[in-house]
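Dumped data_18.txt below, it's compact mmCIF, C-alpha atoms:
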```
# COMPACT_ATOMS: atom_id res chain seq x y z
CA MET G 7 -14.26 -9.56 -10.49
CA ILE G 8 -11.52 -7.27 -9.22
CA LYS G 9 -11.99 -3.85 -10.82
CA VAL G 10 -8.73 -2.00 -11.55
CA LEU G 11 -7.98 1.57 -12.63
CA VAL G 12 -4.63 2.21 -14.32
CA ALA G 13 -3.22 5.75 -14.01
CA ASP G 14 -0.03 6.56 -15.92
CA ASP G 15 0.90 9.38 -18.28
CA ASP G 16 2.68 6.96 -20.65
CA PRO G 17 0.16 5.26 -23.00
CA MET G 18 2.63 2.43 -23.63
CA VAL G 19 2.77 1.64 -19.90
CA ARG G 20 -1.04 1.75 -19.64
CA ARG G 21 -1.36 -0.59 -22.63
CA HIS G 22 1.25 -2.96 -21.15
CA LEU G 23 -0.50 -3.09 -17.77
CA ARG G 24 -3.93 -3.51 -19.35
CA THR G 25 -2.70 -6.45 -21.43
CA ILE G 26 -1.22 -8.18 -18.36
CA LEU G 27 -4.27 -7.59 -16.18
CA ALA G 28 -6.67 -8.69 -18.91
CA SER G 29 -4.93 -12.07 -19.00
CA ALA G 30 -6.43 -12.88 -15.60
CA GLY G 31 -10.07 -13.89 -15.82
CA GLU G 32 -10.95 -12.37 -12.43
CA ILE G 33 -9.45 -8.89 -13.11
CA GLU G 34 -11.14 -6.19 -15.17
CA VAL G 35 -9.55 -2.85 -16.11
CA VAL G 36 -12.50 -0.49 -15.76
CA ALA G 37 -10.72 2.76 -16.65
CA GLU G 38 -7.44 4.46 -17.51
CA ALA G 39 -6.16 7.91 -16.58
CA GLU G 40 -3.19 9.92 -17.79
CA ASP G 41 -2.87 12.21 -14.78
CA GLY G 42 -3.95 12.48 -11.16
CA ALA G 43 -7.02 14.62 -11.83
CA GLU G 44 -8.36 12.07 -14.32
CA ALA G 45 -7.60 9.30 -11.84
CA VAL G 46 -9.69 10.90 -9.08
CA GLU G 47 -12.58 11.51 -11.50
CA ALA G 48 -12.37 7.91 -12.76
CA VAL G 49 -12.44 6.55 -9.20
CA LEU G 50 -15.64 8.47 -8.50
CA ARG G 51 -17.15 7.28 -11.78
CA THR G 52 -16.15 3.60 -11.81
CA ALA G 53 -15.56 2.68 -8.11
CA PRO G 54 -12.54 0.39 -8.71
CA ASP G 55 -11.20 -1.99 -6.07
CA VAL G 56 -7.55 -1.21 -6.86
CA VAL G 57 -5.83 1.79 -8.44
CA LEU G 58 -2.37 1.35 -9.97
CA MET G 59 -1.10 4.93 -9.64
CA ASP G 60 2.03 6.27 -11.29
CA ILE G 61 3.78 8.59 -8.81
CA ARG G 62 5.28 10.97 -11.34
CA MET G 63 2.72 12.49 -13.72
CA PRO G 64 2.37 16.00 -15.17
CA GLY G 65 -0.36 18.25 -13.82
CA VAL G 66 -1.83 16.59 -10.73
CA ASP G 67 0.76 14.00 -9.67
CA GLY G 68 0.07 10.57 -8.25
CA ILE G 69 0.83 11.55 -4.65
CA THR G 70 -1.69 14.40 -4.67
CA ALA G 71 -4.29 12.17 -6.32
CA THR G 72 -3.64 9.40 -3.77
CA ALA G 73 -4.28 11.82 -0.89
CA GLU G 74 -7.56 12.93 -2.49
CA ILE G 75 -8.69 9.35 -3.03
CA ALA G 76 -7.76 8.38 0.54
CA ARG G 77 -10.18 11.01 1.84
CA LEU G 78 -13.17 9.37 0.14
CA SER G 79 -15.67 7.59 2.38
CA THR G 80 -14.96 4.20 0.75
CA PRO G 81 -11.62 4.57 -1.03
CA PRO G 82 -10.11 1.86 -3.23
CA VAL G 83 -6.67 0.46 -2.48
CA VAL G 84 -4.06 2.62 -4.19
CA VAL G 85 -0.81 0.92 -5.22
CA ALA G 86 1.92 3.39 -6.20
CA LEU G 87 3.82 2.61 -9.40
CA THR G 88 7.46 3.60 -9.76
CA THR G 89 10.38 2.85 -12.04
CA PHE G 90 12.84 2.19 -9.19
CA ASP G 91 12.20 0.81 -5.69
CA SER G 92 14.51 3.51 -4.33
CA ASP G 93 12.28 6.33 -5.60
CA ALA G 94 12.33 9.05 -2.93
CA HIS G 95 8.67 9.82 -3.60
CA VAL G 96 7.45 6.34 -2.61
CA LEU G 97 7.46 7.18 1.10
CA ARG G 98 5.38 10.30 0.41
CA ALA G 99 2.88 8.18 -1.53
CA LEU G 100 2.57 5.73 1.36
CA GLU G 101 2.15 8.60 3.82
CA ALA G 102 -0.57 9.99 1.53
CA GLY G 103 -2.51 6.73 1.87
CA ALA G 104 -1.17 4.29 -0.73
CA GLY G 105 -1.50 0.69 0.38
CA GLY G 106 1.83 -0.32 -1.14
CA PHE G 107 3.95 0.10 -4.21
CA LEU G 108 5.21 -1.84 -7.20
CA VAL G 109 8.03 -1.25 -9.63
CA LYS G 110 6.87 -1.15 -13.24
CA SER G 111 9.26 -3.97 -14.14
CA THR G 112 7.43 -6.42 -11.86
CA PRO G 113 7.05 -9.74 -13.76
CA PRO G 114 3.51 -10.27 -15.12
CA GLU G 115 2.69 -13.28 -12.94
CA ASP G 116 3.84 -11.41 -9.81
CA LEU G 117 1.87 -8.32 -10.82
CA LEU G 118 -1.34 -10.34 -11.09
CA ASP G 119 -0.79 -11.98 -7.70
CA LEU G 120 0.01 -8.65 -6.03
CA VAL G 121 -3.09 -6.96 -7.45
CA LYS G 122 -5.18 -9.78 -6.01
CA VAL G 123 -3.43 -9.39 -2.65
CA ALA G 124 -4.01 -5.62 -2.69
CA ALA G 125 -7.72 -6.14 -3.47
CA GLN G 126 -8.00 -8.16 -0.27
CA GLY G 127 -6.63 -5.23 1.71
CA HIS G 128 -3.19 -6.70 2.38
CA THR G 129 0.18 -4.98 2.19
CA VAL G 130 1.95 -4.87 -1.18
CA LEU G 131 5.47 -4.12 0.02
CA SER G 132 8.52 -6.35 0.03
CA PRO G 133 10.67 -6.61 3.21
CA SER G 134 13.69 -5.17 1.38
CA ALA G 135 11.62 -2.22 0.19
CA ALA G 136 10.32 -1.70 3.72
CA ARG G 137 13.87 -1.56 5.10
CA HIS G 138 14.83 0.97 2.45
CA LEU G 139 11.84 3.16 3.26
CA VAL G 140 12.49 2.94 7.00
CA SER G 141 16.03 4.18 6.48
CA ARG G 142 14.55 7.27 4.83
CA SER G 143 11.74 7.89 7.29
CA ALA G 144 13.40 7.55 10.69
CA ARG G 145 16.92 8.85 10.36
CA THR G 146 17.00 11.08 13.44
CA ASP G 147 16.95 10.08 17.11
CA ASP G 148 13.91 12.28 17.68
CA ALA G 149 12.00 10.48 14.92
CA ARG G 150 12.89 7.06 16.31
CA GLN G 151 11.96 8.08 19.85
CA ALA G 152 8.60 9.44 18.69
CA VAL G 153 7.82 6.13 16.98
CA ARG G 154 8.86 4.10 20.02
CA ALA G 155 6.71 6.28 22.29
CA LYS G 156 3.68 5.53 20.12
CA VAL G 157 4.36 1.80 20.24
CA ALA G 158 5.00 1.86 24.01
CA ALA G 159 1.40 2.96 24.52
CA LEU G 160 0.12 -0.27 22.96
CA SER G 161 -0.70 -3.46 24.84
CA ASP G 162 1.59 -6.48 24.47
CA ARG G 163 -0.89 -8.20 22.17
CA GLU G 164 -1.29 -5.08 20.05
CA ARG G 165 2.49 -4.93 19.65
CA ASP G 166 2.47 -8.60 18.60
CA VAL G 167 -0.10 -7.84 15.91
CA LEU G 168 1.83 -4.76 14.80
CA GLY G 169 4.98 -6.85 14.43
CA CYS G 170 3.09 -9.33 12.26
CA LEU G 171 1.90 -6.45 10.05
CA GLY G 172 5.54 -5.47 9.69
CA GLU G 173 6.19 -8.92 8.25
CA GLY G 174 3.35 -8.43 5.78
CA LEU G 175 1.28 -11.31 7.19
CA THR G 176 -2.39 -11.70 6.27
CA ASN G 177 -5.11 -11.77 8.93
CA GLY G 178 -5.27 -15.56 8.62
CA GLU G 179 -1.52 -15.91 9.11
CA ILE G 180 -1.58 -13.57 12.12
CA ALA G 181 -4.47 -15.53 13.61
CA ALA G 182 -2.57 -18.82 13.24
CA ARG G 183 0.64 -17.42 14.74
CA LEU G 184 -1.00 -15.71 17.71
CA PHE G 185 -3.74 -18.33 18.29
CA LEU G 186 -6.54 -15.85 17.67
CA SER G 187 -9.62 -15.86 15.46
CA GLU G 188 -9.51 -13.83 12.25
CA THR G 189 -12.35 -11.69 13.58
CA THR G 190 -10.26 -10.84 16.64
CA VAL G 191 -7.27 -10.02 14.44
CA LYS G 192 -9.39 -7.68 12.34
CA SER G 193 -10.49 -5.91 15.52
CA TYR G 194 -6.90 -5.55 16.67
CA VAL G 195 -5.82 -4.15 13.30
CA SER G 196 -8.65 -1.60 13.26
CA ARG G 197 -7.85 -0.57 16.82
CA LEU G 198 -4.14 -0.24 16.00
CA LEU G 199 -4.77 1.99 12.99
CA ASP G 200 -7.05 4.18 15.09
CA LYS G 201 -4.66 4.43 18.06
CA LEU G 202 -1.64 5.18 15.90
CA GLY G 203 -3.45 7.55 13.54
CA LEU G 204 -2.57 5.47 10.47
CA ALA G 205 -4.47 5.08 7.22
CA ASN G 206 -3.74 1.46 6.38
CA ARG G 207 -1.82 -1.75 7.09
CA THR G 208 1.15 -0.63 5.01
CA GLN G 209 1.75 2.41 7.21
CA ALA G 210 1.40 0.16 10.28
CA GLY G 211 3.96 -2.24 8.81
CA LEU G 212 6.45 0.57 8.24
CA LEU G 213 5.91 1.79 11.80
CA ALA G 214 6.69 -1.70 13.07
CA HIS G 215 10.01 -1.59 11.21
CA GLN G 216 10.75 1.90 12.51
CA ALA G 217 10.08 0.79 16.08
CA GLY G 218 12.41 -2.19 15.74
CA LEU G 219 9.70 -4.79 16.35
CA LEU G 220 11.09 -7.14 13.69
```

Using structure tokens, write down the structure from this file.
Amino acid sequence: MIKVLVADDDPMVRRHLRTILASAGEIEVVAEAEDGAEAVEAVLRTAPDVVLMDIRMPGVDGITATAEIARLSTPPVVVALTTFDSDAHVLRALEAGAGGFLVKSTPPEDLLDLVKVAAQGHTVLSPSAARHLVSRSARTDDARQAVRAKVAALSDRERDVLGCLGEGLTNGEIAARLFLSETTVKSYVSRLLDKLGLANRTQAGLLAHQAGLL
């Protein structure tokens, strides 16, 4: 079972998400929270696999809560929820440690699939959304040069893997493309995150876009 925590200040949204998630036999909503403080407490209490986290909540907002959760020794995957994919706060949520984001209008069947993908540790971020976020995060020459300097320090194979992360490929897909074993791919991904000082695959994928690897 994939354990999910739903955090949103709107009870109607929580009820809607719970109903959708409950329709999948392998997903269980283990808790709800109406603000970031409750979300952090619920994570500690229920140890979910995935947290659907509204960005904008009164009191402790979703970005602050995401950062707190990311500092845990074994954090769940946090997926930021937003009304529009152009929300300026999405980039801040990803920088805080969110593993991706979804718009609240995502069709039910897509929502279920994306929660399952997130539970496996994969990126939940569409290419169009990635391009939009990149345009916000690397607007200056200095920012672009800093990103390229980081990538230049990688080996050729590490850059190949980083480019695949930018496309949102799974470990299996990367292994097939680069003729590597999945175990080797996992090692490369872990090494990349460590070298680049990144929290997750989503941040690595955005960096790949920023560096022009795609």

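Checking G:Ile69, G:Val123, G:Met7, G:Ala39 one by one against Leu97 of chain G, counting only C-alpha atoms, you find the shortest gap at G:Ile69.
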
| task | Rank nothing, just name the residue among G:Arg163, G:Pro82, G:His22, G:Asp15 nearest to Gly65 of chain G, using only C-alpha atoms. | result |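 For Gly65 of chain G, the nearest of the given residues is G:Asp15.
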
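Close contacts of Leu87 of chain G, defined as residues with an atom at most 7 Å away when counting only C-alpha atoms, with chain neighbours fewer than 3 positions off set aside, comprise Leu58, Met59, Asp60, Ile61, Phe107, Leu108, Val109 and Lys110 of chain G.
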
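Neighbours of Pro17 of chain G closer than or equal to 12 Å, with only C-alpha atoms counted and sequence neighbours fewer than 2 positions away skipped, come out as Val12, Ala13, Asp14, Asp15, Val19, Arg20, Arg21, His22, Leu23, Arg24, Glu38, Ala39, Glu40, Asp41 and Asp60 of chain G.
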
| note | atom CA of His128 of chain G to atom CA of Ala158 of chain G measures 24.7 Å

| For Arg165 of chain G: contacts at 12 Å, only C-alpha atoms, fewer than 3 positions along chain excluded, given as JSON, numbers by chain | {"G": [154, 156, 157, 158, 159, 160, 161, 162, 168, 169, 170, 171, 172, 184, 194, 195, 197, 198, 201, 202, 210, 211, 213, 214, 215, 217, 218, 219, 220]}

| request: Using atom CA of Ile26 of chain G and atom CA of Val56 of chain G as the two end points, give the distance in Å to one decimal. | output: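 Taking atom CA of Ile26 of chain G as the start and atom CA of Val56 of chain G as the end point, the length is 14.9 Å.
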
Expected axis-aligned box over every listed atom of segment 79-83 of chain G, 4 Å added per side, centre plus edges in Å to one decimal, as JSON:
```
{"center_x": -11.2, "center_y": 4.0, "center_z": -0.4, "size_x": 17.0, "size_y": 15.1, "size_z": 13.6}
```

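Nearest to Leu120 of chain G of all the residues G:Ile33, G:Ala182, G:Met18, G:Met63 is G:Ile33, based on all atoms listed in the file.
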
| query | For Arg207 of chain G, which residue out of G:Leu50, G:Ala30, G:Leu117, G:Val130 is the nearest one, using all atoms listed in the file? | reply |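 Comparing G:Leu50, G:Ala30, G:Leu117, G:Val130 against Arg207 of chain G, the winner is G:Val130.
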
| Counting all atoms listed in the file, which of G:Gln209, G:Gln126, G:Thr70, G:Thr112 gets nearest to Ile8 of chain G? |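 Selected residue with least distance to Ile8 of chain G: G:Gln126.
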
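Closest to Lys122 of chain G among G:Ala102, G:Val85, G:Thr52, G:Asp200 is G:Val85, based on all atoms listed in the file.
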
| field | Length of the atom CA of Gly103 of chain G to atom CA of Glu32 of chain G vector [Å] | value |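 Atom CA of Glu32 of chain G lies 25.3 Å from atom CA of Gly103 of chain G.
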
I'd like the contact shell of Gly105 of chain G - 7 Å cut-off, only C-alpha atoms, skipping same-chain residues fewer than 3 positions apart - returned as a CSV table (one decimal) with C-alpha atoms, in the frame of the given file.
```csv
chain,number,residue,atom,x,y,z
G,83,VAL,CA,-6.7,0.5,-2.5
G,84,VAL,CA,-4.1,2.6,-4.2
G,85,VAL,CA,-0.8,0.9,-5.2
G,100,LEU,CA,2.6,5.7,1.4
G,129,THR,CA,0.2,-5.0,2.2
G,130,VAL,CA,2.0,-4.9,-1.2
G,206,ASN,CA,-3.7,1.5,6.4
G,208,THR,CA,1.2,-0.6,5.0
```
